>>> print(open('final11.json').read())   # JSON, C-alpha atoms and all ligand atoms
[["chain", "number", "residue", "atom", "x", "y", "z"],
["M", 430, "MET", "CA", 0.76, 6.00, 24.40],
["M", 431, "LYS", "CA", -0.65, 2.68, 23.22],
["M", 432, "PHE", "CA", 0.32, 1.38, 19.77],
["M", 433, "TYR", "CA", -0.55, -1.65, 17.67],
["M", 434, "LYS", "CA", 1.56, -3.37, 15.06],
["M", 435, "TYR", "CA", -0.16, -4.66, 11.89],
["M", 436, "GLN", "CA", 1.09, -6.43, 8.79],
["M", 437, "GLY", "CA", -0.59, -6.98, 5.43],
["M", 438, "THR", "CA", 1.32, -9.49, 3.26],
["M", 439, "GLY", "CA", 4.49, -8.44, 5.07],
["M", 440, "ASN", "CA", 4.05, -4.67, 4.61],
["M", 441, "ASP", "CA", 4.16, -3.62, 8.28],
["M", 442, "PHE", "CA", 2.77, -0.61, 10.10],
["M", 443, "VAL", "CA", 2.65, 1.05, 13.49],
["M", 444, "MET", "CA", -1.05, 1.71, 14.04],
["M", 445, "ILE", "CA", -2.37, 4.32, 16.45],
["M", 446, "ASP", "CA", -5.90, 5.20, 17.49],
["M", 447, "ASN", "CA", -5.64, 9.01, 17.38],
["M", 448, "ARG", "CA", -9.30, 9.83, 17.85],
["M", 449, "ASN", "CA", -8.28, 11.88, 20.91],
["M", 450, "GLN", "CA", -5.75, 13.87, 18.78],
["M", 451, "THR", "CA", -2.82, 13.36, 21.20],
["M", 452, "PHE", "CA", -0.27, 11.90, 18.75],
["M", 453, "PRO", "CA", 2.60, 14.34, 17.92],
["M", 454, "LYS", "CA", 2.74, 14.52, 14.10],
["M", 455, "GLU", "CA", 6.46, 15.28, 13.90],
["M", 456, "GLN", "CA", 8.64, 13.87, 11.09],
["M", 457, "LYS", "CA", 11.63, 12.97, 13.31],
["M", 458, "TYR", "CA", 9.42, 11.29, 15.91],
["M", 459, "ILE", "CA", 7.59, 9.16, 13.33],
["M", 460, "GLU", "CA", 10.87, 8.25, 11.61],
["M", 461, "ARG", "CA", 12.26, 7.03, 14.94],
["M", 462, "LEU", "CA", 9.16, 4.97, 15.76],
["M", 463, "CYS", "CA", 9.49, 3.26, 12.35],
["M", 464, "ASN", "CA", 13.24, 2.64, 12.76],
["M", 465, "ARG", "CA", 13.93, -1.10, 13.10],
["M", 466, "ARG", "CA", 16.83, -0.59, 15.56],
["M", 467, "PHE", "CA", 15.88, 2.48, 17.58],
["M", 468, "GLY", "CA", 12.10, 2.19, 17.41],
["M", 469, "ILE", "CA", 9.25, -0.28, 16.93],
["M", 470, "GLY", "CA", 10.19, -0.89, 13.31],
["M", 471, "ALA", "CA", 7.80, -0.59, 10.36],
["M", 472, "ASP", "CA", 7.44, 0.41, 6.70],
["M", 473, "GLY", "CA", 5.04, 3.14, 7.79],
["M", 474, "LEU", "CA", 2.88, 4.61, 10.52],
["M", 475, "ILE", "CA", -0.88, 5.02, 10.34],
["M", 476, "LEU", "CA", -3.22, 7.17, 12.41],
["M", 477, "LEU", "CA", -6.91, 6.38, 12.75],
["M", 478, "GLU", "CA", -8.89, 9.58, 13.33],
["M", 479, "GLU", "CA", -12.51, 10.74, 13.49],
["M", 480, "ASP", "CA", -14.13, 11.78, 10.21],
["M", 481, "HIS", "CA", -17.33, 13.75, 9.52],
["M", 482, "THR", "CA", -18.46, 11.91, 6.39],
["M", 483, "ALA", "CA", -17.20, 8.36, 6.90],
["M", 484, "ASP", "CA", -16.61, 5.84, 9.71],
["M", 485, "PHE", "CA", -13.02, 7.08, 10.20],
["M", 486, "ARG", "CA", -10.08, 8.82, 8.54],
["M", 487, "MET", "CA", -6.67, 7.33, 7.66],
["M", 488, "LEU", "CA", -3.43, 9.33, 7.79],
["M", 489, "TYR", "CA", -0.41, 7.54, 6.34],
["M", 490, "TYR", "CA", 3.30, 8.28, 6.96],
["M", 491, "ASN", "CA", 6.19, 6.49, 5.26],
["M", 492, "SER", "CA", 9.05, 5.18, 7.44],
["M", 493, "ASP", "CA", 11.02, 8.35, 6.57],
["M", 494, "GLY", "CA", 8.49, 10.17, 8.78],
["M", 495, "ASN", "CA", 6.78, 12.10, 5.95],
["M", 496, "GLU", "CA", 3.06, 11.97, 5.27],
["M", 497, "SER", "CA", 2.49, 10.38, 1.90],
["M", 498, "THR", "CA", -0.11, 9.31, -0.61],
["M", 499, "MET", "CA", -2.37, 6.26, -0.38],
["M", 500, "CYS", "CA", -1.12, 2.97, 1.03],
["M", 501, "GLY", "CA", -3.16, -0.03, -0.15],
["M", 502, "ASN", "CA", -1.88, -2.54, 2.39],
["M", 503, "GLY", "CA", -2.07, 0.12, 5.11],
["M", 504, "GLY", "CA", -5.68, 0.71, 4.03],
["M", 505, "ARG", "CA", -6.46, -2.97, 4.48],
["M", 506, "CYS", "CA", -4.69, -2.97, 7.87],
["M", 507, "ILE", "CA", -6.56, 0.08, 9.18],
["M", 508, "VAL", "CA", -9.83, -1.60, 8.19],
["M", 509, "ALA", "CA", -8.82, -4.61, 10.32],
["M", 510, "PHE", "CA", -7.90, -2.16, 13.12],
["M", 511, "ALA", "CA", -11.25, -0.32, 12.89],
["M", 512, "HIS", "CA", -13.01, -3.70, 13.05],
["M", 513, "PHE", "CA", -10.95, -4.58, 16.15],
["M", 514, "LEU", "CA", -12.01, -1.22, 17.70],
["M", 515, "ASN", "CA", -15.67, -2.14, 16.98],
["M", 516, "ILE", "CA", -16.10, 0.84, 14.64],
["M", 517, "PHE", "CA", -17.98, -1.38, 12.16],
["M", 518, "GLU", "CA", -19.09, -4.98, 11.79],
["M", 519, "HIS", "CA", -18.94, -6.10, 8.14],
["M", 520, "LYS", "CA", -18.73, -3.13, 5.73],
["M", 521, "THR", "CA", -17.18, 0.28, 6.25],
["M", 522, "THR", "CA", -16.16, 3.52, 4.57],
["M", 523, "PHE", "CA", -13.19, 5.71, 5.40],
["M", 524, "ASN", "CA", -11.51, 8.82, 4.05],
["M", 525, "ALA", "CA", -7.84, 8.84, 3.06],
["M", 526, "ILE", "CA", -5.67, 11.35, 1.24],
["M", 527, "ASP", "CA", -7.02, 10.17, -2.15],
["M", 528, "GLY", "CA", -10.67, 10.28, -1.13],
["M", 529, "LEU", "CA", -13.41, 7.96, 0.11],
["M", 530, "HIS", "CA", -12.80, 4.19, 0.28],
["M", 531, "GLU", "CA", -15.24, 1.35, 0.83],
["M", 532, "ALA", "CA", -14.09, -1.88, 2.45],
["M", 533, "GLU", "CA", -15.44, -5.15, 3.79],
["M", 534, "ILE", "CA", -14.26, -8.18, 5.73],
["M", 535, "ASN", "CA", -15.06, -11.65, 4.37],
["M", 536, "ASN", "CA", -13.67, -14.81, 6.00],
["M", 537, "GLY", "CA", -10.73, -12.91, 7.46],
["M", 538, "LEU", "CA", -9.79, -11.26, 4.15],
["M", 539, "ILE", "CA", -10.01, -7.49, 3.76],
["M", 540, "LYS", "CA", -11.36, -6.19, 0.46],
["M", 541, "LEU", "CA", -10.61, -2.52, -0.17],
["M", 542, "LYS", "CA", -12.00, -0.36, -2.97],
["M", 543, "MET", "CA", -9.27, 1.70, -4.61],
["M", 544, "ILE", "CA", -9.66, 4.99, -6.50],
["M", 545, "ASP", "CA", -10.56, 4.92, -10.19],
["M", 546, "VAL", "CA", -7.57, 5.06, -12.54],
["M", 547, "GLN", "CA", -8.01, 7.32, -15.56],
["M", 548, "GLU", "CA", -5.20, 6.01, -17.76],
["M", 549, "ILE", "CA", -2.01, 4.01, -17.96],
["M", 550, "LYS", "CA", 0.88, 5.95, -19.49],
["M", 551, "THR", "CA", 4.08, 4.47, -20.85],
["M", 552, "ASP", "CA", 7.74, 5.29, -20.31],
["M", 553, "GLY", "CA", 9.71, 3.31, -22.86],
["M", 554, "GLU", "CA", 8.61, -0.29, -22.32],
["M", 555, "ALA", "CA", 7.43, 0.42, -18.77],
["M", 556, "PHE", "CA", 4.01, 1.61, -17.54],
["M", 557, "VAL", "CA", 3.31, 4.60, -15.28],
["M", 558, "LEU", "CA", 0.03, 5.05, -13.39],
["M", 559, "ASN", "CA", -1.47, 6.38, -10.18],
["M", 560, "THR", "CA", -3.50, 3.99, -8.04],
["M", 561, "GLY", "CA", -3.59, 6.41, -5.09],
["M", 562, "SER", "CA", 0.22, 6.51, -5.14],
["M", 563, "PRO", "CA", 2.44, 6.89, -8.22],
["M", 564, "HIS", "CA", 3.81, 3.68, -9.74],
["M", 565, "PHE", "CA", 6.31, 2.63, -12.39],
["M", 566, "VAL", "CA", 5.70, -0.94, -13.62],
["M", 567, "LYS", "CA", 8.30, -2.88, -15.54],
["M", 568, "TYR", "CA", 8.00, -6.50, -16.72],
["M", 569, "VAL", "CA", 11.21, -8.52, -16.26],
["M", 570, "GLN", "CA", 12.32, -12.14, -16.40],
["M", 571, "ASN", "CA", 13.71, -14.19, -13.50],
["M", 572, "LEU", "CA", 12.30, -11.78, -10.89],
["M", 573, "GLU", "CA", 13.45, -14.11, -8.10],
["M", 574, "GLY", "CA", 17.10, -13.32, -8.86],
["M", 575, "TYR", "CA", 16.52, -9.70, -9.96],
["M", 576, "ASN", "CA", 18.30, -6.83, -8.20],
["M", 577, "VAL", "CA", 15.16, -4.95, -7.15],
["M", 578, "PHE", "CA", 16.95, -2.58, -4.78],
["M", 579, "GLN", "CA", 19.56, -1.29, -7.24],
["M", 580, "ASN", "CA", 17.29, -1.12, -10.29],
["M", 581, "GLY", "CA", 14.44, 0.37, -8.25],
["M", 582, "TYR", "CA", 16.77, 2.92, -6.67],
["M", 583, "ASN", "CA", 18.11, 3.96, -10.10],
["M", 584, "ILE", "CA", 14.63, 4.54, -11.58],
["M", 585, "ARG", "CA", 13.26, 6.28, -8.47],
["M", 586, "ASN", "CA", 16.28, 8.64, -8.46],
["M", 587, "SER", "CA", 16.39, 9.20, -12.23],
["M", 588, "LYS", "CA", 15.91, 12.73, -13.59],
["M", 589, "THR", "CA", 12.27, 12.06, -14.51],
["M", 590, "TYR", "CA", 11.16, 10.83, -11.08],
["M", 591, "GLN", "CA", 13.68, 12.20, -8.57],
["M", 592, "LYS", "CA", 11.69, 15.25, -7.41],
["M", 593, "GLU", "CA", 8.24, 13.74, -6.75],
["M", 594, "GLY", "CA", 9.53, 10.20, -6.31],
["M", 595, "ILE", "CA", 7.85, 7.06, -7.58],
["M", 596, "ASN", "CA", 7.35, 3.49, -6.41],
["M", 597, "VAL", "CA", 9.03, 1.01, -8.74],
["M", 598, "ASN", "CA", 7.45, -2.39, -9.39],
["M", 599, "PHE", "CA", 9.12, -5.26, -11.20],
["M", 600, "VAL", "CA", 6.70, -7.84, -12.52],
["M", 601, "GLU", "CA", 6.90, -11.36, -13.88],
["M", 602, "GLU", "CA", 4.00, -13.25, -15.40],
["M", 603, "LEU", "CA", 3.64, -16.63, -13.70],
["M", 604, "GLU", "CA", 2.59, -19.79, -15.44],
["M", 605, "GLY", "CA", -1.11, -20.56, -15.36],
["M", 606, "ASN", "CA", -3.94, -18.12, -15.72],
["M", 607, "ALA", "CA", -3.87, -14.51, -14.53],
["M", 608, "ARG", "CA", -1.08, -14.70, -11.97],
["M", 609, "LEU", "CA", 1.70, -12.19, -11.42],
["M", 610, "PHE", "CA", 4.77, -12.02, -9.18],
["M", 611, "VAL", "CA", 5.51, -8.43, -8.11],
["M", 612, "ARG", "CA", 8.44, -6.96, -6.16],
["M", 613, "THR", "CA", 8.44, -3.27, -5.23],
["M", 614, "TYR", "CA", 11.01, -0.62, -4.33],
["M", 615, "GLU", "CA", 9.02, 1.89, -2.27],
["M", 616, "ARG", "CA", 9.42, 5.64, -2.21],
["M", 617, "GLY", "CA", 9.67, 6.96, 1.36],
["M", 618, "VAL", "CA", 10.93, 3.62, 2.63],
["M", 619, "GLU", "CA", 13.71, 3.83, 0.02],
["M", 620, "ASP", "CA", 14.05, 0.07, -0.01],
["M", 621, "GLU", "CA", 12.28, -3.01, -1.25],
["M", 622, "THR", "CA", 9.29, -3.93, 0.95],
["M", 623, "PHE", "CA", 7.66, -7.37, 1.22],
["M", 624, "SER", "CA", 4.51, -6.05, -0.44],
["M", 625, "CYS", "CA", 2.94, -2.87, -1.79],
["M", 626, "GLY", "CA", -0.83, -2.81, -2.22],
["M", 627, "THR", "CA", -1.08, 0.15, -4.58],
["M", 628, "GLY", "CA", 1.87, -1.39, -6.47],
["M", 629, "ALA", "CA", 0.20, -4.80, -6.79],
["M", 630, "THR", "CA", -2.90, -2.95, -8.01],
["M", 631, "ALA", "CA", -0.88, -0.98, -10.57],
["M", 632, "ALA", "CA", 0.81, -4.13, -11.89],
["M", 633, "ALA", "CA", -2.55, -5.94, -12.05],
["M", 634, "LEU", "CA", -4.12, -3.11, -14.07],
["M", 635, "THR", "CA", -1.36, -3.27, -16.69],
["M", 636, "TYR", "CA", -2.05, -7.00, -17.02],
["M", 637, "ILE", "CA", -5.84, -6.53, -17.11],
["M", 638, "GLN", "CA", -5.41, -3.93, -19.87],
["M", 639, "GLN", "CA", -3.41, -6.36, -22.01],
["M", 640, "HIS", "CA", -5.34, -9.58, -21.30],
["M", 641, "LYS", "CA", -8.91, -8.32, -20.64],
["M", 642, "VAL", "CA", -9.45, -10.38, -17.47],
["M", 643, "ALA", "CA", -11.68, -9.29, -14.57],
["M", 644, "ALA", "CA", -9.41, -10.40, -11.71],
["M", 645, "ILE", "CA", -5.83, -11.43, -11.15],
["M", 646, "GLU", "CA", -3.84, -13.03, -8.33],
["M", 647, "VAL", "CA", -0.65, -11.26, -7.32],
["M", 648, "LYS", "CA", 2.13, -13.04, -5.48],
["M", 649, "VAL", "CA", 4.41, -10.77, -3.41],
["M", 650, "LEU", "CA", 7.29, -11.62, -1.09],
["M", 651, "GLY", "CA", 4.96, -11.58, 1.93],
["M", 652, "GLY", "CA", 2.02, -13.56, 0.56],
["M", 653, "ASN", "CA", -0.79, -13.34, -1.96],
["M", 654, "LEU", "CA", -3.17, -10.57, -3.00],
["M", 655, "LYS", "CA", -6.02, -10.44, -5.51],
["M", 656, "VAL", "CA", -7.04, -7.45, -7.63],
["M", 657, "TYR", "CA", -10.42, -7.01, -9.35],
["M", 658, "ALA", "CA", -11.15, -4.26, -11.89],
["M", 659, "GLU", "CA", -13.44, -3.20, -14.73],
["M", 660, "GLN", "CA", -11.99, -1.44, -17.77],
["M", 661, "TYR", "CA", -13.94, 1.24, -19.68],
["M", 662, "GLY", "CA", -11.92, 2.56, -22.61],
["M", 663, "SER", "CA", -8.63, 3.71, -21.15],
["M", 664, "SER", "CA", -9.94, 4.01, -17.58],
["M", 665, "PHE", "CA", -10.49, 1.50, -14.77],
["M", 666, "GLN", "CA", -13.29, 1.46, -12.19],
["M", 667, "ASN", "CA", -14.52, -0.83, -9.41],
["M", 668, "ILE", "CA", -10.94, -1.65, -8.51],
["M", 669, "TRP", "CA", -10.73, -3.83, -5.38],
["M", 670, "LEU", "CA", -7.62, -5.04, -3.56],
["M", 671, "GLU", "CA", -8.12, -8.17, -1.45],
["M", 672, "GLY", "CA", -5.84, -9.92, 1.01],
["M", 673, "PRO", "CA", -5.05, -10.69, 4.65],
["M", 674, "ALA", "CA", -4.25, -8.14, 7.36],
["M", 675, "GLN", "CA", -3.16, -9.14, 10.83],
["M", 676, "GLN", "CA", -2.60, -7.54, 14.22],
["M", 677, "VAL", "CA", 0.83, -8.79, 15.32],
["M", 678, "PHE", "CA", 1.25, -7.21, 18.74],
["M", 679, "CYS", "CA", 0.50, -4.13, 20.82],
["M", 680, "GLY", "CA", 2.58, -2.15, 23.27],
["M", 681, "GLU", "CA", 3.28, 1.14, 24.97],
["M", 682, "ILE", "CA", 5.42, 3.98, 23.56],
["M", 683, "ASN", "CA", 7.50, 5.35, 26.44],
["M", 684, "GLU", "CA", 8.56, 8.75, 25.13],
["G", 1, "LIG", "N1", 3.06, 0.32, 0.93],
["G", 1, "LIG", "C1", 2.07, 1.09, 0.29],
["G", 1, "LIG", "C2", 2.47, 2.30, -0.48],
["G", 1, "LIG", "C3", 2.82, 3.40, 0.50],
["G", 1, "LIG", "C4", 3.06, 4.73, -0.14],
["G", 1, "LIG", "C5", 4.34, 4.77, -0.91],
["G", 1, "LIG", "N2", 5.49, 4.37, -0.18],
["G", 1, "LIG", "C6", 4.50, 6.18, -1.45],
["G", 1, "LIG", "O1", 5.00, 7.07, -0.75],
["G", 1, "LIG", "O2", 4.09, 6.41, -2.59],
["G", 1, "LIG", "C7", 0.98, 0.27, -0.33],
["G", 1, "LIG", "O3", 0.70, -0.83, 0.17],
["G", 1, "LIG", "O4", 0.30, 0.75, -1.25]]
>>> encode(input="final11.json", output="structure tokens")
Amino acid sequence: MKFYKYQGTGNDFVMIDNRNQTFPKEQKYIERLCNRRFGIGADGLILLEEDHTADFRMLYYNSDGNESTMCGNGGRCIVAFAHFLNIFEHKTTFNAIDGLHEAEINNGLIKLKMIDVQEIKTDGEAFVLNTGSPHFVKYVQNLEGYNVFQNGYNIRNSKTYQKEGINVNFVEELEGNARLFVRTYERGVEDETFSCGTGATAAALTYIQQHKVAAIEVKVLGGNLKVYAEQYGSSFQNIWLEGPAQQVFCGEINE
């Protein structure tokens, strides 16, 4: 079976064209393909399938082999993959677990429309919101030297979040206008990843709510993203996540 490897700001995915429905959707199998020693190695696996109401459908699995909620960077990568497969030229729509998404390619950057966000809740001094996946957002200082793994692990496995799980984002405001640095501990990977698109979006929305800006640049370990949004009362609409997505290599799965 042919596979492709994609990365979007360092969040990496095994990508498979499953329009012929031959891929075995088994947890153990997907976990092994994502394993960095016994498999291809990735933060997640994505299937591109036929869809009745849009150009294609996206199915997303975390590296633990379980199907999960929306992946923002994976969404940008599958758009690049669909473009590579000649499914569309400039603009596209696709269905994912959280509904219909629009996307476009401009000068090599993929811009992906995210679901509307109804409200941002608080948990102590932190923020909790769903941008397609659930996110906990906490502002900290000296994020460069911060222990993201241990603190992220502790919050993700706390009584409040243990059952459903949550992605934990630590955020630092950078000098200059509307720039954030975000590091994320991801549910289902159970580790820090180099970037999380729905996490960058969640962090950006908390900033947009406080500072009333229309767009913000987000630095992550694997590069730079940009988030655009419009706020109406407590809700957010027209949320777009923009950044690069690249095919890294392709190969053959033997078994
Ligand atoms: N890396 C993703 C988020 C993927 C889903 C997440 N791990 C979860 O299970 O909630 C992104 O770019 O958004």
>>> atom_distance(input="final11.json", atom1="atom C5 of ligand LIG 1 (chain G)", atom2="atom CA of M:Gly537")
24.7 Å
>>> atom_distance(input="final11.json", atom1="atom CA of M:Met444", atom2="atom CA of M:Cys506")
8.6 Å
>>> residues_near_ligand(input="final11.json", ligand="ligand LIG 1 (chain G)", cutoff="6 Å", atoms="only C-alpha atoms and all ligand atoms", output="list in words")
Asn491, Ser497, Thr498, Met499, Cys500, Gly501, Asn502, Gly503, Ser562, Pro563, Asn596, Glu615, Arg616, Gly617, Cys625, Gly626, Thr627 and Gly628 of chain M
>>> closest_residue(input="final11.json", among="M:Phe442, M:Phe578, M:Phe517, M:Phe610", to="M:Glu531", atoms="all atoms listed in the file")
M:Phe517
>>> closest_residue(input="final11.json", among="M:Glu533, M:Asp472, M:Glu593, M:Glu479", to="M:Leu670", atoms="all atoms listed in the file")
M:Glu533
>>> build_atoms(input="final11.json", residues="stretch 626-644 of chain M", atoms="N, CA, C and O atoms", output="mmCIF file, in the frame of the given file")
data_model
loop_
_atom_site.group_PDB
_atom_site.id
_atom_site.type_symbol
_atom_site.label_atom_id
_atom_site.label_comp_id
_atom_site.auth_asym_id
_atom_site.auth_seq_id
_atom_site.Cartn_x
_atom_site.Cartn_y
_atom_site.Cartn_z
ATOM 1 N N GLY M 626 0.535 -2.605 -1.730
ATOM 2 C CA GLY M 626 -0.830 -2.810 -2.220
ATOM 3 C C GLY M 626 -1.173 -1.978 -3.434
ATOM 4 O O GLY M 626 -1.763 -2.474 -4.404
ATOM 5 N N THR M 627 -0.806 -0.688 -3.402
ATOM 6 C CA THR M 627 -1.080 0.150 -4.580
ATOM 7 C C THR M 627 -0.198 -0.297 -5.742
ATOM 8 O O THR M 627 -0.573 -0.150 -6.908
ATOM 9 N N GLY M 628 0.975 -0.873 -5.433
ATOM 10 C CA GLY M 628 1.870 -1.390 -6.470
ATOM 11 C C GLY M 628 1.323 -2.652 -7.106
ATOM 12 O O GLY M 628 1.341 -2.815 -8.335
ATOM 13 N N ALA M 629 0.823 -3.568 -6.275
ATOM 14 C CA ALA M 629 0.200 -4.800 -6.790
ATOM 15 C C ALA M 629 -0.994 -4.430 -7.664
ATOM 16 O O ALA M 629 -1.226 -5.032 -8.728
ATOM 17 N N THR M 630 -1.744 -3.416 -7.230
ATOM 18 C CA THR M 630 -2.900 -2.950 -8.010
ATOM 19 C C THR M 630 -2.450 -2.392 -9.355
ATOM 20 O O THR M 630 -3.036 -2.700 -10.403
ATOM 21 N N ALA M 631 -1.397 -1.574 -9.321
ATOM 22 C CA ALA M 631 -0.880 -0.980 -10.570
ATOM 23 C C ALA M 631 -0.422 -2.067 -11.535
ATOM 24 O O ALA M 631 -0.768 -2.048 -12.730
ATOM 25 N N ALA M 632 0.318 -3.047 -11.034
ATOM 26 C CA ALA M 632 0.810 -4.130 -11.890
ATOM 27 C C ALA M 632 -0.379 -4.910 -12.463
ATOM 28 O O ALA M 632 -0.413 -5.232 -13.660
ATOM 29 N N ALA M 633 -1.361 -5.187 -11.605
ATOM 30 C CA ALA M 633 -2.550 -5.940 -12.050
ATOM 31 C C ALA M 633 -3.279 -5.206 -13.165
ATOM 32 O O ALA M 633 -3.721 -5.817 -14.139
ATOM 33 N N LEU M 634 -3.402 -3.872 -13.048
ATOM 34 C CA LEU M 634 -4.120 -3.110 -14.070
ATOM 35 C C LEU M 634 -3.411 -3.174 -15.423
ATOM 36 O O LEU M 634 -4.058 -3.232 -16.472
ATOM 37 N N THR M 635 -2.082 -3.168 -15.409
ATOM 38 C CA THR M 635 -1.360 -3.270 -16.690
ATOM 39 C C THR M 635 -1.627 -4.626 -17.339
ATOM 40 O O THR M 635 -1.753 -4.726 -18.550
ATOM 41 N N TYR M 636 -1.767 -5.651 -16.504
ATOM 42 C CA TYR M 636 -2.050 -7.000 -17.020
ATOM 43 C C TYR M 636 -3.495 -7.073 -17.536
ATOM 44 O O TYR M 636 -3.767 -7.615 -18.610
ATOM 45 N N ILE M 637 -4.414 -6.506 -16.735
ATOM 46 C CA ILE M 637 -5.840 -6.530 -17.110
ATOM 47 C C ILE M 637 -6.037 -5.789 -18.438
ATOM 48 O O ILE M 637 -6.808 -6.212 -19.304
ATOM 49 N N GLN M 638 -5.303 -4.692 -18.615
ATOM 50 C CA GLN M 638 -5.410 -3.930 -19.870
ATOM 51 C C GLN M 638 -4.978 -4.790 -21.077
ATOM 52 O O GLN M 638 -5.612 -4.766 -22.121
ATOM 53 N N GLN M 639 -3.925 -5.567 -20.888
ATOM 54 C CA GLN M 639 -3.410 -6.360 -22.010
ATOM 55 C C GLN M 639 -4.218 -7.630 -22.251
ATOM 56 O O GLN M 639 -4.356 -8.080 -23.372
ATOM 57 N N HIS M 640 -4.728 -8.243 -21.160
ATOM 58 C CA HIS M 640 -5.340 -9.580 -21.300
ATOM 59 C C HIS M 640 -6.849 -9.596 -21.093
ATOM 60 O O HIS M 640 -7.460 -10.660 -21.198
ATOM 61 N N LYS M 641 -7.435 -8.439 -20.782
ATOM 62 C CA LYS M 641 -8.910 -8.320 -20.640
ATOM 63 C C LYS M 641 -9.511 -9.337 -19.666
ATOM 64 O O LYS M 641 -10.503 -10.007 -19.965
ATOM 65 N N VAL M 642 -8.878 -9.513 -18.505
ATOM 66 C CA VAL M 642 -9.450 -10.380 -17.470
ATOM 67 C C VAL M 642 -10.085 -9.493 -16.398
ATOM 68 O O VAL M 642 -9.782 -8.301 -16.302
ATOM 69 N N ALA M 643 -10.973 -10.078 -15.578
ATOM 70 C CA ALA M 643 -11.680 -9.290 -14.570
ATOM 71 C C ALA M 643 -10.979 -9.305 -13.220
ATOM 72 O O ALA M 643 -11.232 -8.460 -12.357
ATOM 73 N N ALA M 644 -10.102 -10.283 -13.006
ATOM 74 C CA ALA M 644 -9.410 -10.400 -11.710
ATOM 75 C C ALA M 644 -8.072 -11.093 -11.918
ATOM 76 O O ALA M 644 -7.909 -11.865 -12.867
#
